[in-house]
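work.txt (compact mmCIF, C-alpha atoms) appears below.
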# COMPACT_ATOMS: atom_id res chain seq x y z
CA GLU L 1 255.99 64.63 423.15
CA ASP L 2 254.39 65.00 426.58
CA LYS L 3 252.88 68.33 425.55
CA LEU L 4 251.55 66.77 422.31
CA HIS L 5 250.08 63.86 424.25
CA LEU L 6 248.35 66.20 426.70
CA SER L 7 247.04 68.32 423.82
CA ILE L 8 245.58 65.29 422.01
CA THR L 9 244.07 63.91 425.25
CA PHE L 10 242.47 67.26 426.10
CA SER L 11 241.15 67.57 422.54
CA CYS L 12 239.61 64.08 422.63
CA LYS L 13 238.05 64.68 426.01
CA HIS L 14 236.71 68.04 424.83
CA GLU L 15 235.14 66.47 421.74
CA SER L 16 233.68 63.64 423.85
CA SER L 17 232.17 66.13 426.30
CA ALA L 18 230.76 68.17 423.43
CA LEU L 19 229.15 65.04 421.95
CA ASN L 20 227.69 64.08 425.33
CA LEU L 21 226.34 67.59 425.82
CA HIS L 22 224.80 67.54 422.34
CA TYR L 23 223.18 64.16 423.08
CA LEU L 24 221.80 65.36 426.40
CA CYS L 25 220.36 68.48 424.77
CA TYR L 26 218.74 66.32 422.09
CA GLN L 27 217.18 64.06 424.71
CA PHE L 28 215.93 67.10 426.64
CA LEU L 29 214.27 68.53 423.52
CA ILE L 30 212.55 65.19 422.87
CA LYS L 31 211.21 65.15 426.43
CA VAL L 32 209.99 68.73 426.13
CA ARG L 33 208.17 67.83 422.92
CA ILE L 34 206.51 64.88 424.63
CA MET L 35 205.60 66.96 427.66
CA ILE L 36 203.74 69.60 425.63
CA GLN L 37 200.21 68.22 425.32
CA ASN L 38 197.28 70.20 424.04
CA GLU L 39 194.29 69.90 426.39
CA ARG L 40 191.90 69.30 423.50
CA ALA L 41 193.95 66.35 422.32
CA SER L 42 194.15 64.73 425.76
CA ARG L 43 190.65 65.64 426.99
CA HIS L 44 188.88 62.39 426.06
CA GLU L 45 191.39 60.14 427.81
CA HIS L 46 191.44 62.46 430.82
CA VAL L 47 187.65 62.29 431.16
CA LEU L 48 187.77 58.50 430.94
CA ASP L 49 190.35 58.49 433.74
CA VAL L 50 188.04 60.66 435.84
CA ALA L 51 185.13 58.33 435.06
CA ARG L 52 187.17 55.40 436.35
CA GLN L 53 187.75 57.29 439.58
CA MET L 54 184.01 57.94 439.76
CA MET L 55 183.39 54.20 439.50
CA THR L 56 185.85 53.59 442.33
CA ALA L 57 184.07 56.22 444.43
CA ALA L 58 180.74 54.49 443.77
CA ARG L 59 182.23 51.13 444.74
CA THR L 60 183.72 52.39 448.00
CA ALA L 61 180.62 54.42 448.96
CA PRO L 62 178.94 53.44 452.27
CA LYS L 63 176.30 50.71 452.09
CA GLY L 64 173.18 50.63 454.26
CA LYS L 65 173.94 47.22 455.76
CA GLY L 66 177.50 46.88 454.53
CA VAL L 67 176.43 44.44 451.80
CA ASP L 68 177.92 45.31 448.41
CA ILE L 69 175.55 44.32 445.60
CA ILE L 70 176.08 47.49 443.53
CA GLU L 71 177.16 47.06 439.91
CA ILE L 72 178.90 49.79 437.90
CA ALA L 73 180.00 50.11 434.27
CA MET L 74 181.25 52.74 431.82
CA VAL L 75 179.66 53.18 428.38
CA THR L 76 181.89 54.63 425.66
CA GLY L 77 182.34 54.81 421.89
CA ASP L 78 179.70 53.30 419.63
CA ASP L 79 177.71 52.03 422.61
CA LEU L 80 176.69 55.63 423.37
CA LYS L 81 174.76 55.62 420.09
CA VAL L 82 173.23 52.24 420.96
CA LEU L 83 172.04 53.69 424.27
CA SER L 84 170.71 56.82 422.57
CA ASP L 85 168.79 54.80 419.96
CA LYS L 86 167.25 52.67 422.71
CA MET L 87 166.03 55.78 424.50
CA VAL L 88 164.40 57.08 421.31
CA ALA L 89 162.70 53.72 420.72
CA MET L 90 161.32 53.69 424.27
CA VAL L 91 159.34 56.88 423.62
CA GLU L 92 156.93 54.88 421.43
CA GLU L 93 156.26 52.59 424.42
CA HIS L 94 155.61 55.16 427.15
CA GLY L 95 155.33 58.53 425.40
CA MET L 96 157.73 60.41 427.73
CA LYS L 97 159.13 63.06 425.40
CA PHE L 98 162.05 64.05 427.63
CA PHE L 99 163.68 60.75 426.61
CA LEU L 100 164.19 62.33 423.14
CA ARG L 101 166.01 65.30 424.63
CA ASP L 102 168.16 63.07 426.83
CA ALA L 103 168.89 60.68 423.94
CA ALA L 104 170.43 63.52 421.94
CA ASN L 105 172.11 64.93 425.04
CA ILE L 106 174.15 61.84 425.97
CA LEU L 107 175.80 61.94 422.54
CA GLN L 108 177.60 65.06 423.79
CA ALA L 109 179.18 63.04 426.60
CA GLU L 110 182.66 61.53 426.52
CA CYS L 111 181.23 58.54 428.36
CA VAL L 112 178.30 57.47 430.53
CA ILE L 113 178.57 55.76 433.91
CA ILE L 114 175.74 53.36 434.79
CA ILE L 115 175.06 52.29 438.37
CA GLY L 116 172.47 49.78 439.58
CA THR L 117 171.87 47.18 442.24
CA ARG L 118 171.09 43.52 442.34
CA GLU L 119 168.02 42.54 444.38
CA GLN L 120 168.75 41.17 447.83
CA VAL L 121 166.41 41.31 450.82
CA GLN L 122 168.30 42.56 453.87
CA GLY L 123 166.02 40.94 456.47
CA LEU L 124 165.81 44.05 458.61
CA ASN L 125 161.99 44.33 458.69
CA CYS L 126 162.55 48.10 458.64
CA GLY L 127 159.34 48.91 456.76
CA HIS L 128 161.12 51.45 454.54
CA CYS L 129 159.67 49.80 451.43
CA GLY L 130 156.14 50.38 452.74
CA TYR L 131 155.58 46.89 454.11
CA PRO L 132 156.10 45.99 457.79
CA THR L 133 158.20 42.88 457.16
CA CYS L 134 160.54 41.61 454.46
CA ALA L 135 158.44 38.44 454.20
CA GLY L 136 155.32 40.52 453.59
CA ARG L 137 156.91 42.52 450.76
CA PRO L 138 155.30 41.53 447.42
CA GLU L 139 157.57 40.25 444.68
CA GLY L 140 158.68 43.07 442.41
CA VAL L 141 158.76 45.71 445.13
CA PRO L 142 162.43 46.75 445.51
CA CYS L 143 164.14 46.58 448.88
CA ALA L 144 164.50 50.17 450.05
CA VAL L 145 167.97 49.54 451.44
CA ASN L 146 169.14 48.38 448.02
CA SER L 147 167.69 51.50 446.40
CA VAL L 148 169.27 53.82 448.98
CA ASP L 149 172.64 52.18 448.33
CA VAL L 150 172.33 53.14 444.66
CA GLY L 151 171.65 56.73 445.64
CA ILE L 152 174.66 56.87 447.96
CA ALA L 153 176.89 55.43 445.21
CA ILE L 154 175.59 57.99 442.69
CA GLY L 155 176.24 60.82 445.11
CA SER L 156 179.77 59.63 445.79
CA ALA L 157 180.51 59.32 442.05
CA CYS L 158 179.14 62.80 441.29
CA ALA L 159 181.08 64.31 444.19
CA THR L 160 184.27 62.87 442.72
CA ALA L 161 183.39 64.36 439.33
CA ALA L 162 182.85 67.76 440.95
CA ASP L 163 186.17 67.55 442.78
CA LEU L 164 187.92 66.86 439.46
CA ARG L 165 185.99 69.60 437.63
CA VAL L 166 184.15 67.56 435.01
CA ASP L 167 180.46 68.02 434.24
CA THR L 168 177.78 65.43 434.98
CA ARG L 169 174.06 64.93 435.38
CA VAL L 170 172.14 62.02 436.87
CA MET L 171 169.68 60.60 434.30
CA PHE L 172 166.80 58.27 435.05
CA SER L 173 166.04 57.98 431.33
CA ALA L 174 169.43 56.71 430.18
CA GLY L 175 169.61 54.44 433.23
CA LEU L 176 166.28 52.80 432.41
CA ALA L 177 167.42 52.28 428.81
CA ALA L 178 170.66 50.67 430.02
CA GLN L 179 168.60 48.45 432.32
CA GLN L 180 166.41 47.30 429.44
CA LEU L 181 169.53 46.63 427.38
CA GLU L 182 170.69 44.44 430.32
CA TRP L 183 174.10 46.07 430.43
CA LEU L 184 174.16 45.40 434.19
CA PRO L 185 172.78 41.84 434.22
CA GLY L 186 170.40 41.09 437.08
CA CYS L 187 170.30 44.73 438.23
CA ARG L 188 167.39 47.05 438.91
CA SER L 189 167.15 50.75 439.80
CA VAL L 190 169.80 51.57 437.19
CA TYR L 191 170.73 55.23 436.78
CA ALA L 192 173.11 56.85 434.29
CA ILE L 193 175.64 59.66 434.70
CA PRO L 194 176.89 61.24 431.45
CA VAL L 195 180.32 62.83 431.84
CA SER L 196 181.73 65.77 429.88
CA ALA L 197 184.47 68.40 430.02
CA SER L 198 183.63 71.44 427.95
CA THR L 199 183.21 75.20 428.27
CA LYS L 200 179.67 74.81 429.61
CA ASN L 201 177.88 71.83 431.12
CA PRO L 202 175.91 70.43 428.14
CA PHE L 203 173.49 68.57 430.41
CA PHE L 204 171.72 71.67 431.72
CA ASP L 205 169.68 74.50 430.13
CA ARG L 206 168.57 72.14 427.39
CA LYS L 207 165.76 72.72 424.93
CA PRO L 208 163.02 70.07 424.54
CA LYS L 209 163.48 67.87 421.49
CA GLU L 210 160.38 66.98 419.49
CA GLU L 211 159.80 63.58 417.93
CA LYS L 212 160.30 63.58 414.18
CA LYS L 213 157.08 63.11 412.21
CA GLU L 214 157.21 61.30 408.90
Have the structure of the file written as structure tokens, please.
Amino acid sequence: EDKLHLSITFSCKHESSALNLHYLCYQFLIKVRIMIQNERASRHEHVLDVARQMMTAARTAPKGKGVDIIEIAMVTGDDLKVLSDKMVAMVEEHGMKFFLRDAANILQAECVIIIGTREQVQGLNCGHCGYPTCAGRPEGVPCAVNSVDVGIAIGSACATAADLRVDTRVMFSAGLAAQQLEWLPGCRSVYAIPVSASTKNPFFDRKPKEEKKE
């Protein structure tokens, strides 16, 4: 009877161990399946994550007087087409044909970062804007310190993109369109940075795009 009891106990334990092992193997296979991600399938979300880090880099970039009046946003999805259409429409106003090329170009981006600054006189009387004092600066002339802060933020964002191996280009055209769309309310000196991750940077070596004639 003792031998039979030991045999049954061993058999039950063996079956239980086998079931546990089978379960663990099944769980492992599920995890392996989840862990195998094709780069093409995850590329868009990865680029958006990089773009968010770019925005953080722009936010934490040094400021000329330590005053943070920079505004930053990310344009994605259908709003890329809205931005592109605005750029095309602006050509009729000013005739700058490169807006057409850039309008088509940003549609190749996964997203577009826009960076601008609110207007705030710094009271330094530095003369960098071309006028000797802040009080003597005519209305509408941007404070040079504000403008420099935008440039520093753009540089910091693009450096982050380079570190993370995504492609970018700074665009005046798309930035001006975003400014006219008031996507950064109250901001001036808005610039855009399209972001992509592909075999070749789509924002360079571009061919001019002609306006369609009806």
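Taking atom CA of Gly175 of chain L and atom CA of Ile154 of chain L as endpoints, the distance between them is 11.7 Å.
Computed from the coordinates, the atom CA of Asp167 of chain L to atom CA of Phe204 of chain L distance equals 9.8 Å.
Taking all atoms listed in the file into account, Glu139 of chain L lies nearest to L:Gln120 out of the set L:Val88, L:Gly127, L:Gln120, L:Val112.
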Requested in this report: Skip segment 129-134 of chain L itself and residues of its chain fewer than 3 positions away, then list as a PyMOL selection string all residues within 12 Å of it, counting all atoms listed in the file.
Outcome: chain L and resi 120-126+137-148
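Atom CA of Trp183 of chain L lies 11.3 Å from atom CA of Val82 of chain L.
Compared by their closest atoms to Arg118 of chain L, and using only C-alpha atoms, the residues L:Lys200, L:Lys86, L:Arg188, L:His46 rank with L:Arg188 nearest.
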Requested in this report: Find the residues around Leu83 of chain L up to 8 Å (all atoms listed in the file counted), leave out those fewer than 6 positions away in its own chain, and share them as a ChimeraX atom specification.
Outcome: /L:103,174,177-178
Can you report as JSON the centre and edge lengths in Å, to one decimal, of an axis-aligned box around the listed atoms of segment 204-208 of chain L padded with 6 Å on each side?
{"center_x": 167.4, "center_y": 72.3, "center_z": 428.1, "size_x": 20.7, "size_y": 16.4, "size_z": 19.2}
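Residues within 8 Å of Val166 of chain L, counting all atoms listed in the file and excluding same-chain residues fewer than 4 positions away, are Val47, Val50, Ala161, Ala162, Val195, Ser196 and Ala197 of chain L.
Closest approach to Ala159 of chain L among L:Asp68, L:Glu39, L:Ala61, L:His44: L:Ala61, based on all atoms listed in the file.
Residue nearest Arg206 of chain L, chosen from L:Ile113, L:Cys158, L:Leu176, L:Ala104 and counting all atoms listed in the file: L:Ala104.
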Requested in this report: Measuring atom to atom with only C-alpha atoms, identify which of L:Gln108, L:Ser173, L:Gln37, L:Thr60 is nearest to His94 of chain L.
Outcome: L:Ser173
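Proximity ranking of L:Ala51, L:Met87, L:Ala135, L:Met96 relative to Pro194 of chain L places L:Ala51 first, based on only C-alpha atoms.
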Requested in this report: Around the point (180.5, 57.4, 424.3), in the coordinates given by the file, pick out the residues reaching within 9 Å, counting only C-alpha atoms, and return them as a PyMOL selection string.
Outcome: chain L and resi 74-81+106-112+194
